[in-house]
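Listing of my_file-v5.cif, mmCIF, C-alpha atoms
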data_coords
#
loop_
_atom_site.group_PDB
_atom_site.id
_atom_site.type_symbol
_atom_site.label_atom_id
_atom_site.label_comp_id
_atom_site.auth_asym_id
_atom_site.auth_seq_id
_atom_site.Cartn_x
_atom_site.Cartn_y
_atom_site.Cartn_z
ATOM 1 C CA LYS A 672 69.852 133.440 80.470
ATOM 2 C CA GLN A 673 71.948 130.743 82.097
ATOM 3 C CA HIS A 674 69.264 128.178 81.267
ATOM 4 C CA THR A 675 69.185 129.343 77.625
ATOM 5 C CA ALA A 676 72.980 129.188 77.368
ATOM 6 C CA SER A 677 72.978 125.680 78.828
ATOM 7 C CA ASN A 678 70.372 124.539 76.315
ATOM 8 C CA MET A 679 72.346 126.080 73.463
ATOM 9 C CA TYR A 680 75.549 124.338 74.628
ATOM 10 C CA PHE A 681 73.729 120.998 74.774
ATOM 11 C CA PHE A 682 72.191 121.547 71.331
ATOM 12 C CA VAL A 683 75.550 122.425 69.743
ATOM 13 C CA ASN A 684 77.214 119.347 71.238
ATOM 14 C CA MET A 685 74.394 117.110 70.039
ATOM 15 C CA MET A 686 74.681 118.550 66.528
ATOM 16 C CA LYS A 687 78.433 117.924 66.541
ATOM 17 C CA MET A 688 77.874 114.337 67.672
ATOM 18 C CA MET A 689 75.242 113.718 65.003
ATOM 19 C CA LEU A 690 77.427 115.257 62.281
ATOM 20 C CA LEU A 691 80.429 113.109 63.212
ATOM 21 C CA THR A 692 78.236 110.007 63.349
ATOM 22 C CA VAL A 693 76.798 110.694 59.893
ATOM 23 C CA MET A 694 80.278 111.308 58.467
ATOM 24 C CA LEU A 695 81.622 108.046 59.876
ATOM 25 C CA MET A 696 78.595 106.121 58.622
ATOM 26 C CA ILE A 697 79.061 107.588 55.140
ATOM 27 C CA MET A 698 82.718 106.534 55.203
ATOM 28 C CA TYR A 699 81.698 103.049 56.271
ATOM 29 C CA MET A 700 79.108 102.756 53.488
ATOM 30 C CA ILE A 701 81.724 103.851 50.964
ATOM 31 C CA PHE A 702 84.026 101.114 52.243
ATOM 32 C CA ASN A 703 81.266 98.525 51.886
ATOM 33 C CA SER A 704 80.389 99.592 48.345
ATOM 34 C CA ASN A 705 83.909 98.912 47.102
ATOM 35 C CA GLU A 706 83.996 95.767 44.960
ATOM 36 C CA LEU A 707 87.736 95.189 44.993
ATOM 37 C CA SER A 708 89.079 91.807 45.994
ATOM 38 C CA MET A 709 89.782 91.068 49.662
ATOM 39 C CA SER A 710 93.524 91.415 49.204
ATOM 40 C CA LYS A 711 93.214 94.795 47.515
ATOM 41 C CA ARG A 712 90.733 96.040 50.118
ATOM 42 C CA VAL A 713 93.072 95.182 52.942
ATOM 43 C CA THR A 714 96.149 96.561 51.204
ATOM 44 C CA ASN A 715 94.701 99.830 49.923
ATOM 45 C CA LYS A 716 92.017 100.851 52.399
ATOM 46 C CA TYR A 717 93.351 100.122 55.857
ATOM 47 C CA VAL A 718 96.683 101.796 56.428
ATOM 48 C CA ILE A 719 98.654 100.570 59.442
ATOM 49 C CA ASN A 720 101.647 102.745 60.196
ATOM 50 C CA ASP A 721 103.912 100.244 61.956
ATOM 51 C CA ASN A 722 104.547 96.523 62.008
ATOM 52 C CA ILE A 723 104.184 95.465 65.645
ATOM 53 C CA THR A 724 103.606 91.774 66.282
ATOM 54 C CA LYS A 725 105.092 91.349 69.766
ATOM 55 C CA ARG A 726 103.857 92.720 73.068
ATOM 56 C CA THR A 727 107.414 93.683 73.996
ATOM 57 C CA GLU A 728 107.576 96.126 71.079
ATOM 58 C CA ILE A 729 105.101 98.565 72.601
ATOM 59 C CA ASN A 730 105.578 101.037 75.439
ATOM 60 C CA ASN A 731 102.024 101.998 76.424
ATOM 61 C CA TYR A 732 101.861 99.771 79.515
ATOM 62 C CA ASN A 733 101.554 102.658 81.938
ATOM 63 C CA GLY A 734 99.917 106.046 82.042
ATOM 64 C CA PRO A 735 96.331 107.090 81.331
ATOM 65 C CA LEU A 736 94.411 105.199 78.671
ATOM 66 C CA ASN A 737 94.032 106.943 75.338
ATOM 67 C CA MET A 738 90.596 108.630 75.181
ATOM 68 C CA ASP A 739 90.003 107.464 71.612
ATOM 69 C CA MET A 740 90.761 103.903 72.685
ATOM 70 C CA MET A 741 88.354 104.157 75.608
ATOM 71 C CA SER A 742 85.673 105.486 73.252
ATOM 72 C CA ILE A 743 86.256 102.593 70.842
ATOM 73 C CA ILE A 744 86.093 100.049 73.660
ATOM 74 C CA TYR A 745 82.944 101.479 75.225
ATOM 75 C CA GLY A 746 81.219 101.765 71.845
ATOM 76 C CA SER A 747 82.153 98.176 70.994
ATOM 77 C CA MET A 748 81.115 96.861 74.401
ATOM 78 C CA LEU A 749 77.639 98.230 73.717
ATOM 79 C CA GLY A 750 77.633 95.929 70.689
ATOM 80 C CA ASP A 751 79.429 92.626 70.156
ATOM 81 C CA GLY A 752 82.727 93.452 71.855
ATOM 82 C CA TYR A 753 83.630 91.786 75.136
ATOM 83 C CA ALA A 754 86.292 91.945 77.835
ATOM 84 C CA GLU A 755 88.170 88.826 78.857
ATOM 85 C CA LYS A 756 90.086 88.655 82.112
ATOM 86 C CA ARG A 757 93.069 86.376 81.655
ATOM 87 C CA LYS A 758 93.851 83.430 83.911
ATOM 88 C CA GLY A 759 95.059 84.518 87.303
ATOM 89 C CA GLY A 760 93.348 87.890 86.926
ATOM 90 C CA LYS A 761 96.619 89.596 86.009
ATOM 91 C CA GLY A 762 95.187 91.503 83.092
ATOM 92 C CA THR A 763 92.285 91.923 80.698
ATOM 93 C CA ARG A 764 92.036 92.017 76.938
ATOM 94 C CA ILE A 765 89.210 93.301 74.738
ATOM 95 C CA THR A 766 87.961 91.183 71.837
ATOM 96 C CA PHE A 767 86.210 92.502 68.738
ATOM 97 C CA GLN A 768 84.257 90.133 66.502
ATOM 98 C CA GLN A 769 82.070 90.441 63.404
ATOM 99 C CA GLU A 770 80.499 88.171 60.824
ATOM 100 C CA ASN A 771 82.397 88.021 57.529
ATOM 101 C CA THR A 772 79.625 90.061 55.892
ATOM 102 C CA ASN A 773 80.785 92.958 58.080
ATOM 103 C CA SER A 774 84.495 92.389 57.442
ATOM 104 C CA ASP A 775 85.132 95.893 56.083
ATOM 105 C CA TYR A 776 84.129 97.399 59.398
ATOM 106 C CA LEU A 777 86.286 94.987 61.406
ATOM 107 C CA TYR A 778 89.363 95.704 59.269
ATOM 108 C CA TYR A 779 88.712 99.408 59.689
ATOM 109 C CA LEU A 780 88.357 98.989 63.458
ATOM 110 C CA HIS A 781 91.530 96.895 63.590
ATOM 111 C CA SER A 782 93.479 99.614 61.774
ATOM 112 C CA LEU A 783 92.296 102.224 64.295
ATOM 113 C CA ILE A 784 93.346 100.139 67.293
ATOM 114 C CA ALA A 785 96.596 98.936 65.710
ATOM 115 C CA ASN A 786 97.635 102.513 64.947
ATOM 116 C CA LEU A 787 96.914 103.446 68.557
ATOM 117 C CA GLY A 788 99.323 100.663 69.571
ATOM 118 C CA TYR A 789 96.877 98.460 71.484
ATOM 119 C CA CYS A 790 96.907 95.290 69.348
ATOM 120 C CA ASN A 791 98.943 93.114 67.019
ATOM 121 C CA THR A 792 99.183 94.709 63.573
ATOM 122 C CA ASN A 793 98.676 91.383 61.767
ATOM 123 C CA LEU A 794 95.353 91.492 59.933
ATOM 124 C CA PRO A 795 92.492 89.379 61.331
ATOM 125 C CA THR A 796 91.849 86.212 59.347
ATOM 126 C CA ILE A 797 88.534 84.619 58.435
ATOM 127 C CA LYS A 798 87.482 81.791 60.751
ATOM 128 C CA THR A 799 84.550 79.385 60.610
ATOM 129 C CA ARG A 800 82.111 78.104 63.201
ATOM 130 C CA LEU A 801 79.047 75.905 63.273
ATOM 131 C CA GLY A 802 75.896 78.007 63.505
ATOM 132 C CA ASN A 803 72.229 77.198 63.966
ATOM 133 C CA LYS A 804 70.910 74.156 62.111
ATOM 134 C CA GLY A 805 74.429 73.108 61.184
ATOM 135 C CA LYS A 806 75.100 76.153 59.014
ATOM 136 C CA ILE A 807 78.766 77.060 58.597
ATOM 137 C CA ARG A 808 79.330 80.720 59.443
ATOM 138 C CA GLN A 809 82.391 82.807 58.668
ATOM 139 C CA TYR A 810 83.610 85.473 61.064
ATOM 140 C CA LEU A 811 86.631 87.564 61.952
ATOM 141 C CA LYS A 812 87.910 88.614 65.332
ATOM 142 C CA PHE A 813 90.955 90.088 67.015
ATOM 143 C CA SER A 814 91.946 91.065 70.529
ATOM 144 C CA THR A 815 93.954 93.812 72.138
ATOM 145 C CA TRP A 816 97.092 93.109 74.069
ATOM 146 C CA THR A 817 96.473 92.232 77.715
ATOM 147 C CA TYR A 818 96.678 95.212 80.073
ATOM 148 C CA ASP A 819 96.374 95.563 83.828
ATOM 149 C CA SER A 820 94.645 98.886 83.187
ATOM 150 C CA PHE A 821 91.889 97.067 81.282
ATOM 151 C CA ASN A 822 90.900 95.335 84.540
ATOM 152 C CA TYR A 823 89.024 98.550 85.284
ATOM 153 C CA ILE A 824 86.954 98.069 82.136
ATOM 154 C CA PHE A 825 86.151 94.479 83.097
ATOM 155 C CA SER A 826 85.044 95.525 86.581
ATOM 156 C CA GLU A 827 82.833 98.250 85.099
ATOM 157 C CA TRP A 828 81.124 96.072 82.493
ATOM 158 C CA TYR A 829 80.723 92.764 84.344
ATOM 159 C CA MET A 830 79.244 91.682 87.641
ATOM 160 C CA PRO A 831 79.364 88.258 89.322
ATOM 161 C CA VAL A 832 76.164 86.243 89.218
ATOM 162 C CA ASP A 833 74.634 83.127 90.734
ATOM 163 C CA THR A 834 76.744 80.143 89.661
ATOM 164 C CA LYS A 835 73.560 78.247 88.760
ATOM 165 C CA LEU A 836 72.842 80.631 85.892
ATOM 166 C CA ASN A 837 73.990 79.728 82.388
ATOM 167 C CA ILE A 838 76.489 82.551 81.876
ATOM 168 C CA ASN A 839 79.352 81.951 79.469
ATOM 169 C CA HIS A 840 82.033 84.198 80.934
ATOM 170 C CA LYS A 841 83.843 82.620 83.851
ATOM 171 C CA VAL A 842 86.990 83.702 85.701
ATOM 172 C CA ASN A 843 88.460 81.532 88.452
ATOM 173 C CA ASN A 844 85.158 79.592 88.576
ATOM 174 C CA ILE A 845 83.198 82.829 89.086
ATOM 175 C CA LYS A 846 80.536 83.529 86.462
ATOM 176 C CA TYR A 847 79.927 87.055 85.205
ATOM 177 C CA THR A 848 77.226 88.814 83.229
ATOM 178 C CA LYS A 849 77.573 91.959 81.142
ATOM 179 C CA ILE A 850 75.970 95.171 82.415
ATOM 180 C CA ILE A 851 75.739 98.827 81.385
ATOM 181 C CA PRO A 852 78.250 100.709 83.564
ATOM 182 C CA LYS A 853 77.728 104.100 85.168
ATOM 183 C CA SER A 854 81.055 105.203 83.693
ATOM 184 C CA LEU A 855 79.464 105.099 80.228
ATOM 185 C CA GLU A 856 78.495 108.747 80.700
ATOM 186 C CA TYR A 857 82.186 109.698 80.625
ATOM 187 C CA TYR A 858 83.105 107.722 77.515
ATOM 188 C CA PHE A 859 79.948 107.910 75.398
ATOM 189 C CA THR A 860 81.653 110.264 72.963
ATOM 190 C CA PRO A 861 80.727 110.883 69.313
ATOM 191 C CA LEU A 862 83.329 108.256 68.397
ATOM 192 C CA ALA A 863 81.806 105.736 70.833
ATOM 193 C CA LEU A 864 78.352 106.388 69.373
ATOM 194 C CA ALA A 865 79.607 105.889 65.818
ATOM 195 C CA ILE A 866 81.402 102.657 66.766
ATOM 196 C CA TRP A 867 78.263 101.354 68.489
ATOM 197 C CA ILE A 868 76.107 102.088 65.444
ATOM 198 C CA MET A 869 78.556 100.427 63.052
ATOM 199 C CA ASP A 870 79.167 97.488 65.382
ATOM 200 C CA ASP A 871 75.602 96.735 66.367
ATOM 201 C CA GLY A 872 73.433 99.745 67.038
ATOM 202 C CA THR A 873 70.187 97.835 67.477
#
Please lay out the structure from this file as C-alpha coordinates.
Amino acid sequence: KQHTASNMYFFVNMMKMMLLTVMLMIMYMIFNSNELSMSKRVTNKYVINDNITKRTEINNYNGPLNMDMMSIIYGSMLGDGYAEKRKGGKGTRITFQQENTNSDYLYYLHSLIANLGYCNTNLPTIKTRLGNKGKIRQYLKFSTWTYDSFNYIFSEWYMPVDTKLNINHKVNNIKYTKIIPKSLEYYFTPLALAIWIMDDGT
(Lines of atoms letter the chains of each structure in order from A and count residues from 1; the text may use other names and numbers.)
(Lines give C-alpha, C1' and ligand atoms only; values in the text may rest on other atoms or scores of the structure.)
Protein backbone atom coordinates (compact mmCIF):
# COMPACT_ATOMS: atom_id res chain seq x y z
CA LYS A 1 0.00 0.00 0.00
CA GLN A 2 2.81 2.39 0.83
CA HIS A 3 4.43 1.63 -2.53
CA THR A 4 1.13 2.29 -4.34
CA ALA A 5 0.62 5.57 -2.48
CA SER A 6 4.16 6.65 -3.34
CA ASN A 7 3.60 5.89 -7.01
CA MET A 8 0.31 7.79 -6.98
CA TYR A 9 1.99 10.82 -5.34
CA PHE A 10 4.73 10.78 -7.98
CA PHE A 11 2.18 10.45 -10.79
CA VAL A 12 0.08 13.36 -9.50
CA ASN A 13 3.13 15.61 -9.19
CA MET A 14 4.27 14.72 -12.70
CA MET A 15 0.82 15.51 -14.08
CA LYS A 16 0.84 18.87 -12.31
CA MET A 17 4.28 19.65 -13.74
CA MET A 18 3.23 18.68 -17.26
CA LEU A 19 0.01 20.72 -17.02
CA LEU A 20 1.85 23.84 -15.85
CA THR A 21 4.46 23.39 -18.59
CA VAL A 22 1.79 23.09 -21.28
CA MET A 23 -0.03 26.16 -19.96
CA LEU A 24 3.13 28.26 -19.97
CA MET A 25 4.04 27.07 -23.47
CA ILE A 26 0.56 27.99 -24.72
CA MET A 27 0.94 31.45 -23.19
CA TYR A 28 4.32 31.83 -24.86
CA MET A 29 2.95 30.78 -28.26
CA ILE A 30 0.14 33.31 -27.89
CA PHE A 31 2.72 36.00 -27.19
CA ASN A 32 4.69 35.03 -30.29
CA SER A 33 1.62 35.04 -32.53
CA ASN A 34 0.86 38.67 -31.74
CA GLU A 35 1.68 40.90 -34.71
CA LEU A 36 1.69 44.23 -32.90
CA SER A 37 4.66 46.52 -33.25
CA MET A 38 7.60 46.17 -30.85
CA SER A 39 6.60 49.25 -28.89
CA LYS A 40 3.03 48.05 -28.42
CA ARG A 41 4.18 44.55 -27.46
CA VAL A 42 6.44 45.89 -24.76
CA THR A 43 3.90 48.39 -23.47
CA ASN A 44 0.83 46.16 -23.42
CA LYS A 45 2.08 42.64 -22.78
CA TYR A 46 4.79 42.88 -20.16
CA VAL A 47 3.57 44.67 -17.07
CA ILE A 48 6.27 45.81 -14.64
CA ASN A 49 4.85 47.03 -11.37
CA ASP A 50 7.59 49.42 -10.25
CA ASN A 51 10.26 51.61 -11.79
CA ILE A 52 13.53 50.54 -10.17
CA THR A 53 16.71 51.52 -11.98
CA LYS A 54 19.20 51.73 -9.10
CA ARG A 55 20.59 48.96 -6.93
CA THR A 56 20.10 51.13 -3.85
CA GLU A 57 16.33 51.16 -4.40
CA ILE A 58 15.88 47.50 -3.53
CA ASN A 59 15.95 45.80 -0.14
CA ASN A 60 16.33 42.10 -0.98
CA TYR A 61 20.06 41.91 -0.20
CA ASN A 62 19.64 39.52 2.69
CA GLY A 63 17.44 36.60 3.60
CA PRO A 64 16.62 33.42 1.68
CA LEU A 65 16.42 33.61 -2.09
CA ASN A 66 12.94 33.66 -3.58
CA MET A 67 12.01 30.12 -4.72
CA ASP A 68 10.51 31.39 -7.97
CA MET A 69 13.74 33.26 -8.69
CA MET A 70 15.82 30.16 -8.00
CA SER A 71 13.57 28.16 -10.33
CA ILE A 72 13.97 30.78 -13.07
CA ILE A 73 17.75 30.83 -12.64
CA TYR A 74 18.14 27.05 -12.64
CA GLY A 75 15.85 26.66 -15.65
CA SER A 76 17.77 29.35 -17.54
CA MET A 77 21.15 27.92 -16.58
CA LEU A 78 20.10 24.68 -18.25
CA GLY A 79 19.73 26.75 -21.41
CA ASP A 80 21.55 29.91 -22.46
CA GLY A 81 21.72 31.67 -19.10
CA TYR A 82 25.04 32.04 -17.32
CA ALA A 83 26.44 33.23 -14.00
CA GLU A 84 29.18 35.83 -13.90
CA LYS A 85 31.28 36.37 -10.80
CA ARG A 86 32.28 40.01 -10.62
CA LYS A 87 35.85 41.22 -10.24
CA GLY A 88 37.22 40.55 -6.79
CA GLY A 89 34.71 37.74 -6.25
CA LYS A 90 32.47 39.98 -4.15
CA GLY A 91 29.27 38.94 -5.86
CA THR A 92 27.69 37.18 -8.81
CA ARG A 93 25.11 38.23 -11.35
CA ILE A 94 23.02 36.08 -13.69
CA THR A 95 22.74 37.01 -17.37
CA PHE A 96 19.89 36.03 -19.68
CA GLN A 97 20.33 36.27 -23.45
CA GLN A 98 18.26 35.39 -26.52
CA GLU A 99 18.35 36.02 -30.25
CA ASN A 100 16.01 38.78 -31.41
CA THR A 101 13.74 36.13 -32.97
CA ASN A 102 12.98 35.02 -29.40
CA SER A 103 12.53 38.55 -28.05
CA ASP A 104 8.99 37.96 -26.77
CA TYR A 105 10.25 35.31 -24.39
CA LEU A 106 13.11 37.49 -23.13
CA TYR A 107 10.78 40.43 -22.44
CA TYR A 108 8.45 38.07 -20.61
CA LEU A 109 11.35 36.67 -18.57
CA HIS A 110 12.59 40.19 -17.80
CA SER A 111 9.15 41.18 -16.50
CA LEU A 112 9.10 38.16 -14.17
CA ILE A 113 12.52 38.94 -12.71
CA ALA A 114 11.94 42.70 -12.55
CA ASN A 115 8.70 42.20 -10.62
CA LEU A 116 10.55 39.94 -8.19
CA GLY A 117 12.98 42.84 -7.63
CA TYR A 118 16.16 41.17 -8.88
CA CYS A 119 17.02 43.36 -11.89
CA ASN A 120 16.78 46.82 -13.40
CA THR A 121 13.26 47.48 -14.69
CA ASN A 122 14.52 49.19 -17.86
CA LEU A 123 13.59 47.04 -20.85
CA PRO A 124 16.41 45.16 -22.62
CA THR A 125 17.44 46.75 -25.91
CA ILE A 126 18.37 45.05 -29.17
CA LYS A 127 22.12 44.68 -29.70
CA THR A 128 24.11 43.40 -32.67
CA ARG A 129 27.09 41.08 -33.00
CA LEU A 130 29.09 39.54 -35.79
CA GLY A 131 28.09 35.91 -36.31
CA ASN A 132 29.42 33.10 -38.47
CA LYS A 133 30.53 34.03 -41.98
CA GLY A 134 30.25 37.72 -41.17
CA LYS A 135 26.49 37.64 -40.63
CA ILE A 136 25.12 40.39 -38.40
CA ARG A 137 22.97 38.90 -35.64
CA GLN A 138 20.57 40.74 -33.37
CA TYR A 139 20.11 39.71 -29.75
CA LEU A 140 18.83 40.95 -26.41
CA LYS A 141 20.21 40.36 -22.96
CA PHE A 142 19.92 41.62 -19.41
CA SER A 143 21.47 40.79 -16.07
CA THR A 144 20.33 40.64 -12.48
CA TRP A 145 21.78 42.88 -9.84
CA THR A 146 24.95 41.51 -8.27
CA TYR A 147 24.36 39.52 -5.08
CA ASP A 148 26.68 37.82 -2.62
CA SER A 149 24.04 35.12 -2.28
CA PHE A 150 24.39 34.33 -6.00
CA ASN A 151 27.97 33.18 -5.32
CA TYR A 152 26.36 29.92 -4.22
CA ILE A 153 24.82 29.52 -7.67
CA PHE A 154 28.18 30.16 -9.34
CA SER A 155 29.91 27.57 -7.15
CA GLU A 156 27.18 25.03 -7.94
CA TRP A 157 27.20 25.51 -11.71
CA TYR A 158 30.90 26.04 -12.44
CA MET A 159 34.10 24.18 -11.67
CA PRO A 160 37.71 25.25 -12.28
CA VAL A 161 39.48 23.57 -15.17
CA ASP A 162 42.95 23.20 -16.64
CA THR A 163 44.14 26.66 -17.71
CA LYS A 164 45.28 25.20 -21.04
CA LEU A 165 41.70 24.52 -22.08
CA ASN A 166 39.85 27.08 -24.19
CA ILE A 167 37.15 28.03 -21.67
CA ASN A 168 35.62 31.48 -21.96
CA HIS A 169 34.67 32.17 -18.35
CA LYS A 170 37.58 33.37 -16.26
CA VAL A 171 37.67 34.83 -12.75
CA ASN A 172 40.94 36.08 -11.26
CA ASN A 173 42.82 34.20 -14.02
CA ILE A 174 41.04 30.95 -13.10
CA LYS A 175 39.07 29.34 -15.93
CA TYR A 176 35.73 27.67 -15.27
CA THR A 177 33.43 25.33 -17.15
CA LYS A 178 29.69 24.91 -16.69
CA ILE A 179 28.41 21.70 -15.09
CA ILE A 180 25.08 20.21 -14.00
CA PRO A 181 24.89 20.67 -10.22
CA LYS A 182 23.58 18.16 -7.71
CA SER A 183 21.39 20.90 -6.25
CA LEU A 184 19.30 20.83 -9.45
CA GLU A 185 17.09 18.22 -7.79
CA TYR A 186 15.91 20.85 -5.30
CA TYR A 187 15.13 23.57 -7.83
CA PHE A 188 13.93 21.61 -10.87
CA THR A 189 10.37 22.79 -10.29
CA PRO A 190 7.56 23.00 -12.86
CA LEU A 191 8.55 26.64 -13.37
CA ALA A 192 12.21 25.69 -13.93
CA LEU A 193 11.15 23.06 -16.47
CA ALA A 194 8.96 25.54 -18.34
CA ILE A 195 11.74 28.15 -18.39
CA TRP A 196 14.22 25.57 -19.69
CA ILE A 197 11.88 24.51 -22.49
CA MET A 198 11.18 28.10 -23.55
CA ASP A 199 14.82 29.13 -23.21
CA ASP A 200 16.45 26.20 -24.94
CA GLY A 201 14.98 22.82 -24.15
CA THR A 202 17.04 20.87 -26.66
Would you translate the PyMOL selection byres ((chain A and resi 812-825) around 9) into the concrete set of residues it matches in this file, as a ChimeraX atom specification?
-> /A:726,732-736,744-745,753-757,760-770,777,781,784-785,789-791,794-798,810-811,826-830
Using the chain letters and residue numbers of this document, give as a PyMOL selection string the residues selected by the PyMOL selection byres ((chain A and resi 749) around 10).
-> chain A and resi 744-748+750-753+828+849-851+855+863-864+866-868+870-873
Which residue of A:Asn786, A:Thr792, A:Gln809, A:Thr724 approaches Ser774 of chain A most closely, using only C-alpha atoms | A:Gln809
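Considering all atoms listed in the file, the residue among A:Leu691, A:Leu787, A:Leu780, A:Ile719 positioned nearest to Leu862 of chain A is A:Leu691.
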Can you sort out segment 722-752 of chain A so it carries N, CA and C atoms, written as a PDB file, in the coordinates of the input?
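Written output follows (out.pdb):
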ATOM      1  N   ASN A 722     104.675  97.973  61.972  1.00  0.00           N
ATOM      2  CA  ASN A 722     104.547  96.523  62.008  1.00  0.00           C
ATOM      3  C   ASN A 722     104.937  96.043  63.403  1.00  0.00           C
ATOM      4  N   ILE A 723     103.938  95.864  64.255  1.00  0.00           N
ATOM      5  CA  ILE A 723     104.184  95.465  65.645  1.00  0.00           C
ATOM      6  C   ILE A 723     103.452  94.156  65.904  1.00  0.00           C
ATOM      7  N   THR A 724     104.208  93.095  66.091  1.00  0.00           N
ATOM      8  CA  THR A 724     103.606  91.774  66.282  1.00  0.00           C
ATOM      9  C   THR A 724     103.933  91.161  67.639  1.00  0.00           C
ATOM     10  N   LYS A 725     104.728  91.868  68.451  1.00  0.00           N
ATOM     11  CA  LYS A 725     105.092  91.349  69.766  1.00  0.00           C
ATOM     12  C   LYS A 725     104.742  92.366  70.840  1.00  0.00           C
ATOM     13  N   ARG A 726     104.256  91.859  71.945  1.00  0.00           N
ATOM     14  CA  ARG A 726     103.857  92.720  73.068  1.00  0.00           C
ATOM     15  C   ARG A 726     105.029  93.545  73.581  1.00  0.00           C
ATOM     16  N   THR A 727     106.231  92.997  73.472  1.00  0.00           N
ATOM     17  CA  THR A 727     107.414  93.683  73.996  1.00  0.00           C
ATOM     18  C   THR A 727     107.814  94.887  73.145  1.00  0.00           C
ATOM     19  N   GLU A 728     107.206  95.030  71.977  1.00  0.00           N
ATOM     20  CA  GLU A 728     107.576  96.126  71.079  1.00  0.00           C
ATOM     21  C   GLU A 728     106.798  97.409  71.351  1.00  0.00           C
ATOM     22  N   ILE A 729     105.882  97.373  72.296  1.00  0.00           N
ATOM     23  CA  ILE A 729     105.101  98.565  72.601  1.00  0.00           C
ATOM     24  C   ILE A 729     105.524  99.131  73.951  1.00  0.00           C
ATOM     25  N   ASN A 730     105.171 100.385  74.185  1.00  0.00           N
ATOM     26  CA  ASN A 730     105.578 101.037  75.439  1.00  0.00           C
ATOM     27  C   ASN A 730     104.421 101.763  76.114  1.00  0.00           C
ATOM     28  N   ASN A 731     103.182 101.321  75.824  1.00  0.00           N
ATOM     29  CA  ASN A 731     102.024 101.998  76.424  1.00  0.00           C
ATOM     30  C   ASN A 731     101.436 101.193  77.585  1.00  0.00           C
ATOM     31  N   TYR A 732     102.325 100.553  78.368  1.00  0.00           N
ATOM     32  CA  TYR A 732     101.861  99.771  79.515  1.00  0.00           C
ATOM     33  C   TYR A 732     101.274 100.660  80.603  1.00  0.00           C
ATOM     34  N   ASN A 733     101.920 101.801  80.811  1.00  0.00           N
ATOM     35  CA  ASN A 733     101.554 102.658  81.938  1.00  0.00           C
ATOM     36  C   ASN A 733     100.952 103.969  81.446  1.00  0.00           C
ATOM     37  N   GLY A 734     100.484 104.752  82.388  1.00  0.00           N
ATOM     38  CA  GLY A 734      99.917 106.046  82.042  1.00  0.00           C
ATOM     39  C   GLY A 734      98.429 105.940  81.756  1.00  0.00           C
ATOM     40  N   PRO A 735      97.782 107.088  81.586  1.00  0.00           N
ATOM     41  CA  PRO A 735      96.331 107.090  81.331  1.00  0.00           C
ATOM     42  C   PRO A 735      95.999 106.460  79.988  1.00  0.00           C
ATOM     43  N   LEU A 736      94.845 105.811  79.919  1.00  0.00           N
ATOM     44  CA  LEU A 736      94.411 105.199  78.671  1.00  0.00           C
ATOM     45  C   LEU A 736      94.031 106.274  77.662  1.00  0.00           C
ATOM     46  N   ASN A 737      94.371 106.024  76.410  1.00  0.00           N
ATOM     47  CA  ASN A 737      94.032 106.943  75.338  1.00  0.00           C
ATOM     48  C   ASN A 737      92.514 107.117  75.256  1.00  0.00           C
ATOM     49  N   MET A 738      92.033 108.371  75.180  1.00  0.00           N
ATOM     50  CA  MET A 738      90.596 108.630  75.181  1.00  0.00           C
ATOM     51  C   MET A 738      89.917 108.037  73.955  1.00  0.00           C
ATOM     52  N   ASP A 739      90.582 108.078  72.810  1.00  0.00           N
ATOM     53  CA  ASP A 739      90.003 107.464  71.612  1.00  0.00           C
ATOM     54  C   ASP A 739      89.845 105.962  71.813  1.00  0.00           C
ATOM     55  N   MET A 740      90.839 105.341  72.447  1.00  0.00           N
ATOM     56  CA  MET A 740      90.761 103.903  72.685  1.00  0.00           C
ATOM     57  C   MET A 740      89.624 103.579  73.641  1.00  0.00           C
ATOM     58  N   MET A 741      89.455 104.382  74.674  1.00  0.00           N
ATOM     59  CA  MET A 741      88.354 104.157  75.608  1.00  0.00           C
ATOM     60  C   MET A 741      87.006 104.319  74.899  1.00  0.00           C
ATOM     61  N   SER A 742      86.912 105.284  74.004  1.00  0.00           N
ATOM     62  CA  SER A 742      85.673 105.486  73.252  1.00  0.00           C
ATOM     63  C   SER A 742      85.381 104.285  72.363  1.00  0.00           C
ATOM     64  N   ILE A 743      86.419 103.766  71.707  1.00  0.00           N
ATOM     65  CA  ILE A 743      86.256 102.593  70.842  1.00  0.00           C
ATOM     66  C   ILE A 743      85.803 101.393  71.664  1.00  0.00           C
ATOM     67  N   ILE A 744      86.442 101.194  72.811  1.00  0.00           N
ATOM     68  CA  ILE A 744      86.093 100.049  73.660  1.00  0.00           C
ATOM     69  C   ILE A 744      84.657 100.164  74.161  1.00  0.00           C
ATOM     70  N   TYR A 745      84.291 101.322  74.677  1.00  0.00           N
ATOM     71  CA  TYR A 745      82.944 101.479  75.225  1.00  0.00           C
ATOM     72  C   TYR A 745      81.883 101.363  74.128  1.00  0.00           C
ATOM     73  N   GLY A 746      82.161 101.911  72.945  1.00  0.00           N
ATOM     74  CA  GLY A 746      81.219 101.765  71.845  1.00  0.00           C
ATOM     75  C   GLY A 746      81.069 100.318  71.413  1.00  0.00           C
ATOM     76  N   SER A 747      82.187  99.590  71.382  1.00  0.00           N
ATOM     77  CA  SER A 747      82.153  98.176  70.994  1.00  0.00           C
ATOM     78  C   SER A 747      81.490  97.311  72.056  1.00  0.00           C
ATOM     79  N   MET A 748      81.720  97.639  73.324  1.00  0.00           N
ATOM     80  CA  MET A 748      81.115  96.861  74.401  1.00  0.00           C
ATOM     81  C   MET A 748      79.596  96.987  74.398  1.00  0.00           C
ATOM     82  N   LEU A 749      79.087  98.090  73.870  1.00  0.00           N
ATOM     83  CA  LEU A 749      77.639  98.230  73.717  1.00  0.00           C
ATOM     84  C   LEU A 749      77.111  97.300  72.629  1.00  0.00           C
ATOM     85  N   GLY A 750      78.007  96.851  71.756  1.00  0.00           N
ATOM     86  CA  GLY A 750      77.633  95.929  70.689  1.00  0.00           C
ATOM     87  C   GLY A 750      78.137  94.525  70.973  1.00  0.00           C
ATOM     88  N   ASP A 751      78.976  94.015  70.059  1.00  0.00           N
ATOM     89  CA  ASP A 751      79.429  92.626  70.156  1.00  0.00           C
ATOM     90  C   ASP A 751      80.785  92.464  70.837  1.00  0.00           C
ATOM     91  N   GLY A 752      81.433  93.555  71.196  1.00  0.00           N
ATOM     92  CA  GLY A 752      82.727  93.452  71.855  1.00  0.00           C
ATOM     93  C   GLY A 752      82.595  92.905  73.271  1.00  0.00           C
TER      94      GLY A 752
END
